[in-house]
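So this one's data_39.tsv, TSV, C-alpha atoms (C1' of nucleotides):
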```
chain	number	residue	atom	x	y	z
A	1	MET	CA	-7.88	46.24	37.59
A	2	PRO	CA	-8.13	42.51	38.11
A	3	SER	CA	-5.95	40.18	36.09
A	4	LYS	CA	-7.99	38.15	33.64
A	5	SER	CA	-5.20	35.90	32.44
A	6	ALA	CA	-4.12	34.05	35.55
A	7	ALA	CA	-5.04	30.75	33.95
A	8	VAL	CA	-3.53	30.87	30.49
A	9	THR	CA	-0.15	29.30	31.11
A	10	MET	CA	1.03	25.94	32.36
A	11	ASP	CA	3.28	27.49	34.99
A	12	ALA	CA	1.00	26.11	37.69
A	13	VAL	CA	2.49	22.78	36.66
A	14	TYR	CA	5.87	23.19	34.93
A	15	THR	CA	7.60	25.25	37.61
A	16	LYS	CA	6.49	23.14	40.57
A	17	PRO	CA	8.62	20.56	42.35
A	18	GLY	CA	5.92	17.89	42.10
A	19	TYR	CA	5.94	17.99	38.32
A	20	LEU	CA	9.74	18.12	38.15
A	21	PHE	CA	10.11	15.09	40.43
A	22	ARG	CA	7.61	13.07	38.40
A	23	ARG	CA	9.37	14.04	35.19
A	24	MET	CA	12.81	13.26	36.53
A	25	GLN	CA	11.62	9.85	37.78
A	26	GLN	CA	10.22	9.14	34.30
A	27	ILE	CA	13.54	10.08	32.73
A	28	ALA	CA	15.58	8.10	35.26
A	29	VAL	CA	13.59	4.93	34.63
A	30	ALA	CA	13.87	5.36	30.85
A	31	ILE	CA	17.65	5.72	31.06
A	32	PHE	CA	17.96	2.75	33.43
A	33	VAL	CA	15.90	0.47	31.22
A	34	GLU	CA	17.78	1.55	28.12
A	35	GLU	CA	21.22	0.92	29.60
A	36	CYS	CA	20.13	-2.43	31.03
A	37	ARG	CA	18.09	-3.65	28.08
A	38	ALA	CA	20.49	-6.60	27.67
A	39	TYR	CA	19.07	-7.89	30.96
A	40	ASP	CA	15.43	-8.15	31.88
A	41	LEU	CA	15.59	-6.11	35.07
A	42	THR	CA	13.78	-3.01	36.33
A	43	PRO	CA	15.12	-0.39	38.77
A	44	VAL	CA	12.98	-1.76	41.58
A	45	GLN	CA	14.03	-5.34	40.91
A	46	TYR	CA	17.65	-4.19	40.92
A	47	ALA	CA	17.22	-2.49	44.30
A	48	ALA	CA	15.60	-5.62	45.70
A	49	LEU	CA	18.45	-7.83	44.50
A	50	VAL	CA	21.07	-5.51	46.01
A	51	ALA	CA	19.19	-5.51	49.32
A	52	ILE	CA	18.93	-9.29	49.37
A	53	ARG	CA	22.63	-9.59	48.58
A	54	THR	CA	23.39	-7.18	51.42
A	55	HIS	CA	21.03	-8.95	53.84
A	56	PRO	CA	20.87	-12.63	52.91
A	57	GLY	CA	17.95	-14.40	54.57
A	58	ILE	CA	15.90	-11.22	55.00
A	59	ASP	CA	12.10	-11.59	54.89
A	60	ALA	CA	9.71	-9.67	52.66
A	61	THR	CA	8.45	-7.25	55.32
A	62	ARG	CA	11.95	-6.18	56.34
A	63	LEU	CA	13.00	-5.99	52.71
A	64	SER	CA	10.18	-3.55	52.04
A	65	ALA	CA	11.47	-1.33	54.86
A	66	VAL	CA	15.03	-1.46	53.53
A	67	ILE	CA	14.17	-0.27	50.03
A	68	ALA	CA	11.20	1.90	51.10
A	69	PHE	CA	8.95	-0.21	48.99
A	70	ASP	CA	5.29	-0.93	49.65
A	71	ARG	CA	4.75	-4.41	51.12
A	72	SER	CA	1.88	-5.30	48.80
A	73	THR	CA	3.71	-4.40	45.61
A	74	LEU	CA	6.88	-6.06	46.84
A	75	GLY	CA	5.05	-9.39	46.81
A	76	SER	CA	4.72	-9.33	43.04
A	77	VAL	CA	8.28	-8.06	42.59
A	78	ILE	CA	9.57	-11.02	44.61
A	79	GLU	CA	7.38	-13.35	42.62
A	80	ARG	CA	8.85	-12.11	39.35
A	81	LEU	CA	12.41	-12.41	40.67
A	82	GLU	CA	11.64	-15.94	41.81
A	83	THR	CA	10.15	-16.87	38.43
A	84	LYS	CA	13.32	-15.64	36.74
A	85	GLN	CA	15.26	-17.75	39.27
A	86	TYR	CA	17.30	-14.84	40.60
A	87	ILE	CA	16.16	-15.49	44.19
A	88	GLU	CA	14.85	-18.32	46.36
A	89	ARG	CA	12.17	-18.23	49.05
A	90	LYS	CA	12.57	-20.65	51.96
A	91	PRO	CA	10.18	-21.00	54.92
A	92	ALA	CA	11.75	-19.99	58.24
A	93	ARG	CA	12.04	-22.63	60.95
A	94	GLU	CA	10.98	-20.64	63.99
A	95	ASP	CA	8.23	-18.57	62.39
A	96	LYS	CA	5.87	-20.36	60.05
A	97	ARG	CA	4.64	-17.07	58.59
A	98	VAL	CA	7.86	-15.74	57.15
A	99	LYS	CA	9.75	-16.77	54.04
A	100	LEU	CA	13.45	-15.99	53.90
A	101	LEU	CA	15.01	-14.58	50.75
A	102	HIS	CA	18.35	-15.55	49.22
A	103	LEU	CA	20.10	-14.84	45.93
A	104	THR	CA	20.61	-17.83	43.67
A	105	LYS	CA	23.88	-18.32	41.80
A	106	LYS	CA	22.12	-16.99	38.72
A	107	GLY	CA	21.03	-13.92	40.71
A	108	SER	CA	24.54	-13.27	42.02
A	109	ALA	CA	26.00	-13.55	38.54
A	110	LEU	CA	23.38	-11.23	37.09
A	111	LEU	CA	24.07	-8.65	39.76
A	112	ARG	CA	27.82	-8.74	39.10
A	113	ASN	CA	27.24	-8.28	35.38
A	114	ILE	CA	24.67	-5.55	35.62
A	115	VAL	CA	26.38	-3.26	38.14
A	116	PRO	CA	28.57	-1.51	35.53
A	117	LEU	CA	25.54	-0.91	33.34
A	118	VAL	CA	23.59	0.52	36.26
A	119	ASP	CA	26.53	2.79	37.08
A	120	ARG	CA	26.51	4.07	33.51
A	121	ALA	CA	22.78	4.72	33.75
A	122	GLN	CA	23.19	6.61	37.02
A	123	ALA	CA	25.94	8.73	35.51
A	124	ARG	CA	23.84	9.51	32.43
A	125	MET	CA	21.00	10.87	34.55
A	126	LEU	CA	23.16	13.75	35.79
A	127	GLN	CA	25.39	14.01	32.70
A	128	PRO	CA	23.85	17.24	31.34
A	129	LEU	CA	24.87	19.15	34.47
A	130	LYS	CA	28.30	20.55	35.23
A	131	GLN	CA	30.34	18.50	37.70
A	132	ALA	CA	29.87	20.97	40.56
A	133	ASP	CA	26.12	21.12	39.96
A	134	ARG	CA	25.85	17.33	40.01
A	135	LYS	CA	27.37	17.25	43.48
A	136	THR	CA	25.13	20.05	44.68
A	137	LEU	CA	21.98	18.40	43.34
A	138	LEU	CA	22.87	15.02	44.79
A	139	ALA	CA	23.62	16.54	48.19
A	140	LEU	CA	20.37	18.52	48.27
A	141	LEU	CA	18.32	15.53	47.12
A	142	THR	CA	19.90	13.25	49.71
A	143	GLN	CA	19.12	15.81	52.38
A	144	LEU	CA	15.56	16.35	51.23
A	145	VAL	CA	14.74	12.65	50.92
A	146	ASP	CA	16.10	12.07	54.40
A	147	LEU	CA	14.26	14.99	55.99
A	148	ASN	CA	11.01	14.05	54.23
A	149	ASN	CA	11.32	10.36	55.06
A	150	GLU	CA	8.30	10.26	57.34
A	151	ALA	CA	6.12	12.07	54.81
A	152	SER	CA	6.08	9.07	52.49
A	153	ARG	CA	3.60	6.27	52.99
A	154	VAL	CA	6.44	3.76	53.28
A	155	PRO	CA	9.31	5.41	55.16
A	156	LEU	CA	12.79	3.97	54.76
A	157	ARG	CA	13.83	1.87	57.77
A	158	ALA	CA	17.31	0.73	56.86
A	159	GLU	CA	17.99	-0.50	60.39
A	160	ASP	CA	15.06	-2.93	60.24
A	161	ALA	CA	17.24	-5.22	58.19
A	162	LEU	CA	19.30	-6.12	61.23
A	163	GLU	CA	16.39	-7.66	63.13
A	164	HIS	CA	16.26	-10.78	61.02
A	165	LEU	CA	19.70	-11.88	62.17
A	166	GLY	CA	18.14	-13.55	65.17
A	167	LYS	CA	15.97	-15.82	63.08
A	168	ALA	CA	18.89	-16.96	60.96
A	169	ASN	CA	18.54	-19.88	58.66
B	1	MET	CA	44.84	-7.82	48.69
B	2	PRO	CA	41.40	-7.88	47.14
B	3	SER	CA	38.48	-6.33	48.95
B	4	LYS	CA	36.00	-8.94	50.10
B	5	SER	CA	33.33	-6.57	51.35
B	6	ALA	CA	32.33	-4.64	48.28
B	7	ALA	CA	28.80	-5.97	48.58
B	8	VAL	CA	27.87	-5.50	52.19
B	9	THR	CA	26.25	-2.08	52.09
B	10	MET	CA	23.28	-0.58	50.33
B	11	ASP	CA	25.33	2.34	48.98
B	12	ALA	CA	24.95	0.92	45.48
B	13	VAL	CA	21.34	2.06	45.88
B	14	TYR	CA	20.97	4.78	48.52
B	15	THR	CA	23.55	7.23	47.14
B	16	LYS	CA	22.45	7.00	43.50
B	17	PRO	CA	20.29	9.57	41.70
B	18	GLY	CA	17.90	6.91	40.41
B	19	TYR	CA	16.94	5.84	43.92
B	20	LEU	CA	16.70	9.42	45.16
B	21	PHE	CA	14.40	10.44	42.29
B	22	ARG	CA	12.13	7.45	42.87
B	23	ARG	CA	12.00	8.19	46.58
B	24	MET	CA	11.33	11.89	46.09
B	25	GLN	CA	8.52	11.11	43.63
B	26	GLN	CA	6.99	8.76	46.23
B	27	ILE	CA	7.18	11.49	48.86
B	28	ALA	CA	5.82	14.17	46.53
B	29	VAL	CA	2.77	12.08	45.64
B	30	ALA	CA	2.11	11.25	49.29
B	31	ILE	CA	2.19	14.93	50.25
B	32	PHE	CA	-0.02	15.91	47.31
B	33	VAL	CA	-2.63	13.30	48.11
B	34	GLU	CA	-2.61	14.19	51.79
B	35	GLU	CA	-3.10	17.91	51.19
B	36	CYS	CA	-5.81	17.29	48.60
B	37	ARG	CA	-7.62	14.48	50.38
B	38	ALA	CA	-10.76	16.64	50.56
B	39	TYR	CA	-10.96	16.24	46.78
B	40	ASP	CA	-10.65	13.02	44.85
B	41	LEU	CA	-7.82	14.12	42.56
B	42	THR	CA	-4.34	12.75	41.82
B	43	PRO	CA	-1.28	14.76	40.71
B	44	VAL	CA	-1.62	13.53	37.14
B	45	GLN	CA	-5.33	14.32	37.01
B	46	TYR	CA	-4.53	17.80	38.35
B	47	ALA	CA	-1.92	18.38	35.62
B	48	ALA	CA	-4.40	17.23	32.98
B	49	LEU	CA	-7.10	19.59	34.25
B	50	VAL	CA	-4.69	22.55	34.26
B	51	ALA	CA	-3.61	21.73	30.72
B	52	ILE	CA	-7.21	21.48	29.50
B	53	ARG	CA	-8.02	24.79	31.17
B	54	THR	CA	-4.98	26.35	29.48
B	55	HIS	CA	-5.81	24.81	26.10
B	56	PRO	CA	-9.58	24.38	25.83
B	57	GLY	CA	-10.56	22.05	22.99
B	58	ILE	CA	-7.22	20.24	22.95
B	59	ASP	CA	-7.26	16.60	21.86
B	60	ALA	CA	-5.84	13.65	23.77
B	61	THR	CA	-2.68	13.22	21.71
B	62	ARG	CA	-1.67	16.87	22.06
B	63	LEU	CA	-2.58	16.81	25.74
B	64	SER	CA	-0.19	13.93	26.25
B	65	ALA	CA	2.60	15.99	24.68
B	66	VAL	CA	1.80	19.00	26.85
B	67	ILE	CA	2.04	17.13	30.16
B	68	ALA	CA	4.67	14.62	28.98
B	69	PHE	CA	2.26	11.83	29.65
B	70	ASP	CA	2.05	8.53	27.79
B	71	ARG	CA	-0.83	8.46	25.28
B	72	SER	CA	-2.10	5.07	26.39
B	73	THR	CA	-2.22	5.89	30.07
B	74	LEU	CA	-3.76	9.25	29.35
B	75	GLY	CA	-6.76	7.46	27.89
B	76	SER	CA	-7.71	6.03	31.26
B	77	VAL	CA	-6.94	9.30	33.05
B	78	ILE	CA	-9.33	11.13	30.72
B	79	GLU	CA	-11.91	8.44	31.23
B	80	ARG	CA	-11.77	8.87	35.01
B	81	LEU	CA	-11.99	12.67	34.73
B	82	GLU	CA	-14.99	12.27	32.44
B	83	THR	CA	-16.67	9.85	34.84
B	84	LYS	CA	-16.24	12.36	37.64
B	85	GLN	CA	-17.73	14.96	35.27
B	86	TYR	CA	-14.77	17.32	35.46
B	87	ILE	CA	-14.30	17.29	31.67
B	88	GLU	CA	-16.30	16.66	28.50
B	89	ARG	CA	-15.24	14.91	25.31
B	90	LYS	CA	-16.78	16.14	22.05
B	91	PRO	CA	-16.09	14.73	18.59
B	92	ALA	CA	-14.36	17.20	16.26
B	93	ARG	CA	-16.19	18.24	13.11
B	94	GLU	CA	-13.37	18.10	10.59
B	95	ASP	CA	-11.60	15.00	11.88
B	96	LYS	CA	-13.78	12.10	12.93
B	97	ARG	CA	-10.89	10.47	14.82
B	98	VAL	CA	-10.28	13.15	17.40
B	99	LYS	CA	-12.25	14.05	20.49
B	100	LEU	CA	-11.85	17.54	21.88
B	101	LEU	CA	-11.52	18.13	25.60
B	102	HIS	CA	-13.17	20.87	27.66
B	103	LEU	CA	-13.56	21.56	31.37
B	104	THR	CA	-17.09	21.37	32.71
B	105	LYS	CA	-18.37	23.94	35.19
B	106	LYS	CA	-17.78	21.37	37.89
B	107	GLY	CA	-14.20	20.92	36.67
B	108	SER	CA	-13.51	24.66	36.64
B	109	ALA	CA	-14.88	25.03	40.14
B	110	LEU	CA	-12.82	22.12	41.41
B	111	LEU	CA	-9.68	23.58	39.91
B	112	ARG	CA	-10.28	26.97	41.53
B	113	ASN	CA	-10.83	25.34	44.90
B	114	ILE	CA	-7.92	22.96	44.76
B	115	VAL	CA	-5.17	25.33	43.60
B	116	PRO	CA	-4.42	26.67	47.10
B	117	LEU	CA	-4.19	23.12	48.43
B	118	VAL	CA	-1.83	22.11	45.63
B	119	ASP	CA	0.31	25.17	46.37
B	120	ARG	CA	0.54	24.11	49.99
B	121	ALA	CA	1.56	20.62	48.93
B	122	GLN	CA	4.23	21.96	46.58
B	123	ALA	CA	5.61	24.15	49.36
B	124	ARG	CA	5.68	21.24	51.81
B	125	MET	CA	7.81	19.13	49.48
B	126	LEU	CA	10.73	21.56	49.77
B	127	GLN	CA	9.92	22.80	53.29
B	128	PRO	CA	12.78	20.95	55.05
B	129	LEU	CA	15.39	22.83	53.02
B	130	LYS	CA	16.64	26.33	53.68
B	131	GLN	CA	15.19	29.01	51.41
B	132	ALA	CA	18.38	29.38	49.36
B	133	ASP	CA	18.68	25.62	48.91
B	134	ARG	CA	15.09	25.38	47.70
B	135	LYS	CA	15.84	27.83	44.92
B	136	THR	CA	19.06	26.04	44.01
B	137	LEU	CA	17.38	22.64	43.89
B	138	LEU	CA	14.46	23.91	41.84
B	139	ALA	CA	16.80	25.61	39.37
B	140	LEU	CA	19.00	22.53	38.95
B	141	LEU	CA	15.99	20.24	38.59
B	142	THR	CA	14.40	22.50	35.98
B	143	GLN	CA	17.66	22.55	34.05
B	144	LEU	CA	18.15	18.80	34.28
B	145	VAL	CA	14.60	17.91	33.27
B	146	ASP	CA	14.90	20.22	30.30
B	147	LEU	CA	18.29	18.93	29.17
B	148	ASN	CA	17.18	15.32	29.61
B	149	ASN	CA	13.86	15.86	27.85
B	150	GLU	CA	14.66	13.62	24.88
B	151	ALA	CA	15.87	10.80	27.13
B	152	SER	CA	12.35	10.11	28.38
B	153	ARG	CA	10.03	7.86	26.42
B	154	VAL	CA	7.46	10.67	26.20
B	155	PRO	CA	9.32	13.97	25.77
B	156	LEU	CA	7.53	17.18	26.67
B	157	ARG	CA	6.29	19.06	23.59
B	158	ALA	CA	4.63	22.12	25.07
B	159	GLU	CA	4.38	23.82	21.69
B	160	ASP	CA	2.27	20.98	20.28
B	161	ALA	CA	-0.67	22.46	22.11
B	162	LEU	CA	-0.89	25.30	19.65
B	163	GLU	CA	-1.62	23.07	16.65
B	164	HIS	CA	-5.18	22.33	17.68
B	165	LEU	CA	-6.22	25.94	17.28
B	166	GLY	CA	-6.90	25.31	13.61
B	167	LYS	CA	-9.45	22.63	14.30
B	168	ALA	CA	-11.33	24.67	16.89
B	169	ASN	CA	-14.81	23.62	17.81
C	1	DC	C1'	-3.52	-20.16	80.38
C	2	DA	C1'	-6.75	-17.68	77.62
C	3	DA	C1'	-8.13	-13.68	75.21
C	4	DT	C1'	-6.61	-9.94	72.71
C	5	DT	C1'	-3.50	-7.75	69.72
C	6	DA	C1'	0.17	-7.61	66.31
C	7	DT	C1'	2.65	-9.41	62.42
C	8	DT	C1'	3.20	-11.79	58.01
C	9	DG	C1'	2.20	-12.89	53.45
C	10	DA	C1'	-1.53	-13.11	50.19
C	11	DC	C1'	-5.14	-11.10	47.58
C	12	DA	C1'	-8.39	-7.65	45.39
C	13	DG	C1'	-8.88	-3.15	43.66
C	14	DC	C1'	-7.44	1.48	41.84
C	15	DA	C1'	-4.13	4.59	39.41
C	16	DT	C1'	-0.06	5.54	37.01
C	17	DA	C1'	3.49	4.38	33.19
C	18	DC	C1'	5.10	1.86	29.72
C	19	DT	C1'	4.84	-1.76	25.42
C	20	DT	C1'	2.84	-3.52	21.21
C	21	DA	C1'	-1.00	-4.02	18.19
C	22	DC	C1'	-5.06	-2.56	15.84
C	23	DA	C1'	-8.95	-0.33	13.24
C	24	DA	C1'	-10.70	3.83	11.63
C	25	DA	C1'	-9.69	7.94	9.50
C	26	DG	C1'	-6.82	11.38	7.30
C	27	DT	C1'	-2.81	12.78	4.08
C	28	DG	C1'	0.37	12.66	0.47
C	29	DG	C1'	2.48	11.17	-3.77
C	30	DA	C1'	2.66	8.38	-8.20
D	1	DT	C1'	-7.70	8.25	-8.08
D	2	DC	C1'	-5.34	4.73	-5.75
D	3	DC	C1'	-2.07	3.32	-2.58
D	4	DA	C1'	1.18	3.82	1.05
D	5	DC	C1'	1.92	6.11	5.10
D	6	DT	C1'	0.56	8.51	9.20
D	7	DT	C1'	-2.41	9.84	12.94
D	8	DT	C1'	-5.88	8.97	16.51
D	9	DG	C1'	-8.00	6.60	19.99
D	10	DT	C1'	-8.36	2.21	22.08
D	11	DA	C1'	-7.12	-2.20	23.96
D	12	DA	C1'	-4.26	-5.92	25.95
D	13	DG	C1'	-0.31	-6.96	28.59
D	14	DT	C1'	3.42	-5.97	32.16
D	15	DA	C1'	5.26	-3.46	36.20
D	16	DT	C1'	5.15	-0.30	39.84
D	17	DG	C1'	2.79	2.00	44.02
D	18	DC	C1'	-0.81	2.56	46.85
D	19	DT	C1'	-5.47	1.19	49.50
D	20	DG	C1'	-7.86	-2.11	51.76
D	21	DT	C1'	-9.01	-7.00	53.70
D	22	DC	C1'	-8.05	-11.66	55.19
D	23	DA	C1'	-6.28	-16.02	57.45
D	24	DA	C1'	-2.59	-17.97	59.75
D	25	DT	C1'	0.56	-17.45	63.15
D	26	DA	C1'	3.08	-15.00	67.01
D	27	DA	C1'	3.45	-12.18	70.84
D	28	DT	C1'	1.43	-9.92	74.72
D	29	DT	C1'	-1.17	-9.29	78.56
D	30	DG	C1'	-4.86	-9.87	81.93
```
Translate this file's structure into structure tokens.
Amino acid sequence: MPSKSAAVTMDAVYTKPGYLFRRMQQIAVAIFVEECRAYDLTPVQYAALVAIRTHPGIDATRLSAVIAFDRSTLGSVIERLETKQYIERKPAREDKRVKLLHLTKKGSALLRNIVPLVDRAQARMLQPLKQADRKTLLALLTQLVDLNNEASRVPLRAEDALEHLGKAN
Amino acid sequence: MPSKSAAVTMDAVYTKPGYLFRRMQQIAVAIFVEECRAYDLTPVQYAALVAIRTHPGIDATRLSAVIAFDRSTLGSVIERLETKQYIERKPAREDKRVKLLHLTKKGSALLRNIVPLVDRAQARMLQPLKQADRKTLLALLTQLVDLNNEASRVPLRAEDALEHLGKAN
DNA sequence: CAATTATTGACAGCATACTTACAAAGTGGA
DNA sequence: TCCACTTTGTAAGTATGCTGTCAATAATTG
């Protein structure tokens, strides 16, 4: 006889990777914000600052490739970081379209101060698991994110960051 | 001697769980939307529809607990689902504040049609991993999300859904 | 060299995801 | 009963994360 109760549970949601990834992202952001509440900085803003520190003088388009972050949204992120005076935007000499990004002293100092807090947040995210399981999860996630890179609308292009070296400031 | 190059790589971002969760969420949404592009439905809207099908006559506050979704945001999600005529909102008799949620015929039909597409999307997210690794990842994620439940701003309260049965319509 | 094409940053619009605040309505205790 | 407290939905405000479009500027190519 046919099953009449296929629809009575939430398993079609709870047991699926899509739901678990959304949930884990929610949790990760909450932990990050809580640990860093002394500073007014979001996870995305943190990633942007680290990328600009790593690649001083990078432009917005290349930055978006380096942190796998949509170009449109990145505009407002940069704007907020500039308003808070953590970064500076300077027009490039050889290309009138691009604006080069640099950390300010205030931005550098913030980054130095916040790194230990971010590390604590990152540790807390995996805390509930046993040590061996943390390593396993991290390894599988790293693998999966890498293998699925092209599936996202904004694939990570870490090597793009090197291109800007020619148009140095 | 002190290391001078602590800051030259992006490892402070790429190897951390926070970044990997954000990235995986990005990828998961992209795959979901691509598979379901024949229907105008987002992952969150899908979860809401499944929850309403599972708990007909649930109210918005309890729905938010059942899909671990912020109450404020849920308001606009419900509004969009209502506009598309997938759900109906009826005032409750005994409590003039609450509005009870039900699937429409159109909503039920949509859900039936879209489930296979969602299943394909869910499968694609883990596709790049070997079968054994998929199971391991899913198990660890399920564990971690559960153990970290209270860390999120909107913890999952699946059992809340049962409370509305008293105020049935 | 001129016409086409590509790139860059900006903007508008939609959809999460959170915050605080608020009014209306319900609940409980003195 | 009256008053404090809570609950419910809603709204305003901020921040991602995506879709488009657009003008200015570069790069390419016929």
Show me a table, sorted first by chain and then by increasing residue number, of the residues of segment 51-119 of chain B having an atom at most 10 Å from segment 16-26 of chain A, each with its shortest atom pair and the distance in Å to one decimal, counting all atoms listed in the file and written as CSV.
```
residue,atom,partner,partner_atom,distance
B:Ile67,CA,A:Tyr19,CA,9.1
B:Ala68,CA,A:Arg23,CA,7.8
B:Phe69,CA,A:Arg23,CA,9.3
B:Val118,CA,A:Gly18,CA,9.5
B:Asp119,CA,A:Lys16,CA,8.7
```
- Query: For chain C, which residue out of B:Leu41, B:Ile87, B:Leu100, B:Val145 is the nearest one, using only C-alpha atoms (C1' of nucleotides)?
  - Reply: B:Leu41
- Query: Taking into account only C-alpha atoms (C1' of nucleotides), which residue in the set B:Glu159, B:Asp146, B:Asp70, B:Asp59 is nearest to chain D?
  - Reply: B:Asp59
Report as CSV the residues of chain D within 9 Å of chain B, each with its shortest atom pair and distance in Å (one decimal), using all atoms listed in the file, ordered by chain and increasing residue number.
```
residue,atom,partner,partner_atom,distance
D:DT7,C1',B:Arg97,CA,8.7
D:DT8,C1',B:Arg97,CA,5.5
D:DG9,C1',B:Arg97,CA,7.1
D:DT10,C1',B:Gly75,CA,8.0
D:DG17,C1',B:Gln26,CA,8.3
```
Could those selected residues go to a file with C-alpha atoms (C1' of nucleotides), as an mmCIF file, keeping the file's coordinate frame?
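Now in out_8.cif:
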```
data_model
loop_
_atom_site.group_PDB
_atom_site.id
_atom_site.type_symbol
_atom_site.label_atom_id
_atom_site.label_comp_id
_atom_site.auth_asym_id
_atom_site.auth_seq_id
_atom_site.Cartn_x
_atom_site.Cartn_y
_atom_site.Cartn_z
ATOM 1 C "C1'" DT D 7 -2.410 9.840 12.940
ATOM 2 C "C1'" DT D 8 -5.880 8.970 16.510
ATOM 3 C "C1'" DG D 9 -8.000 6.600 19.990
ATOM 4 C "C1'" DT D 10 -8.360 2.210 22.080
ATOM 5 C "C1'" DG D 17 2.790 2.000 44.020
#
```
- Item | Shortest interatomic distance to chain C - which of A:Val33, A:Val50, A:Ala161, A:Met125, counting only C-alpha atoms (C1' of nucleotides) | A:Val33
- With only C-alpha atoms as the atoms that count, which of B:Leu156, B:Leu110, B:Ile78, B:Ala38 lies nearest to chain A?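 Nearest to chain A: B:Leu156.
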- Message: For DG13 of chain D, find every residue with an atom within 12 Å (counting all atoms listed in the file), except residues of its own chain fewer than 6 positions away, and show them as a PyMOL selection string.
- Response: chain C and resi 18-21
- Message: Show me, as a ChimeraX atom specification, the residues that have an atom within 10 Å of DT16 of chain D when counting all atoms listed in the file, minus same-chain residues fewer than 5 positions from it.
- Response: /A:42,44,69-70,73-74,76-77 /C:16-17
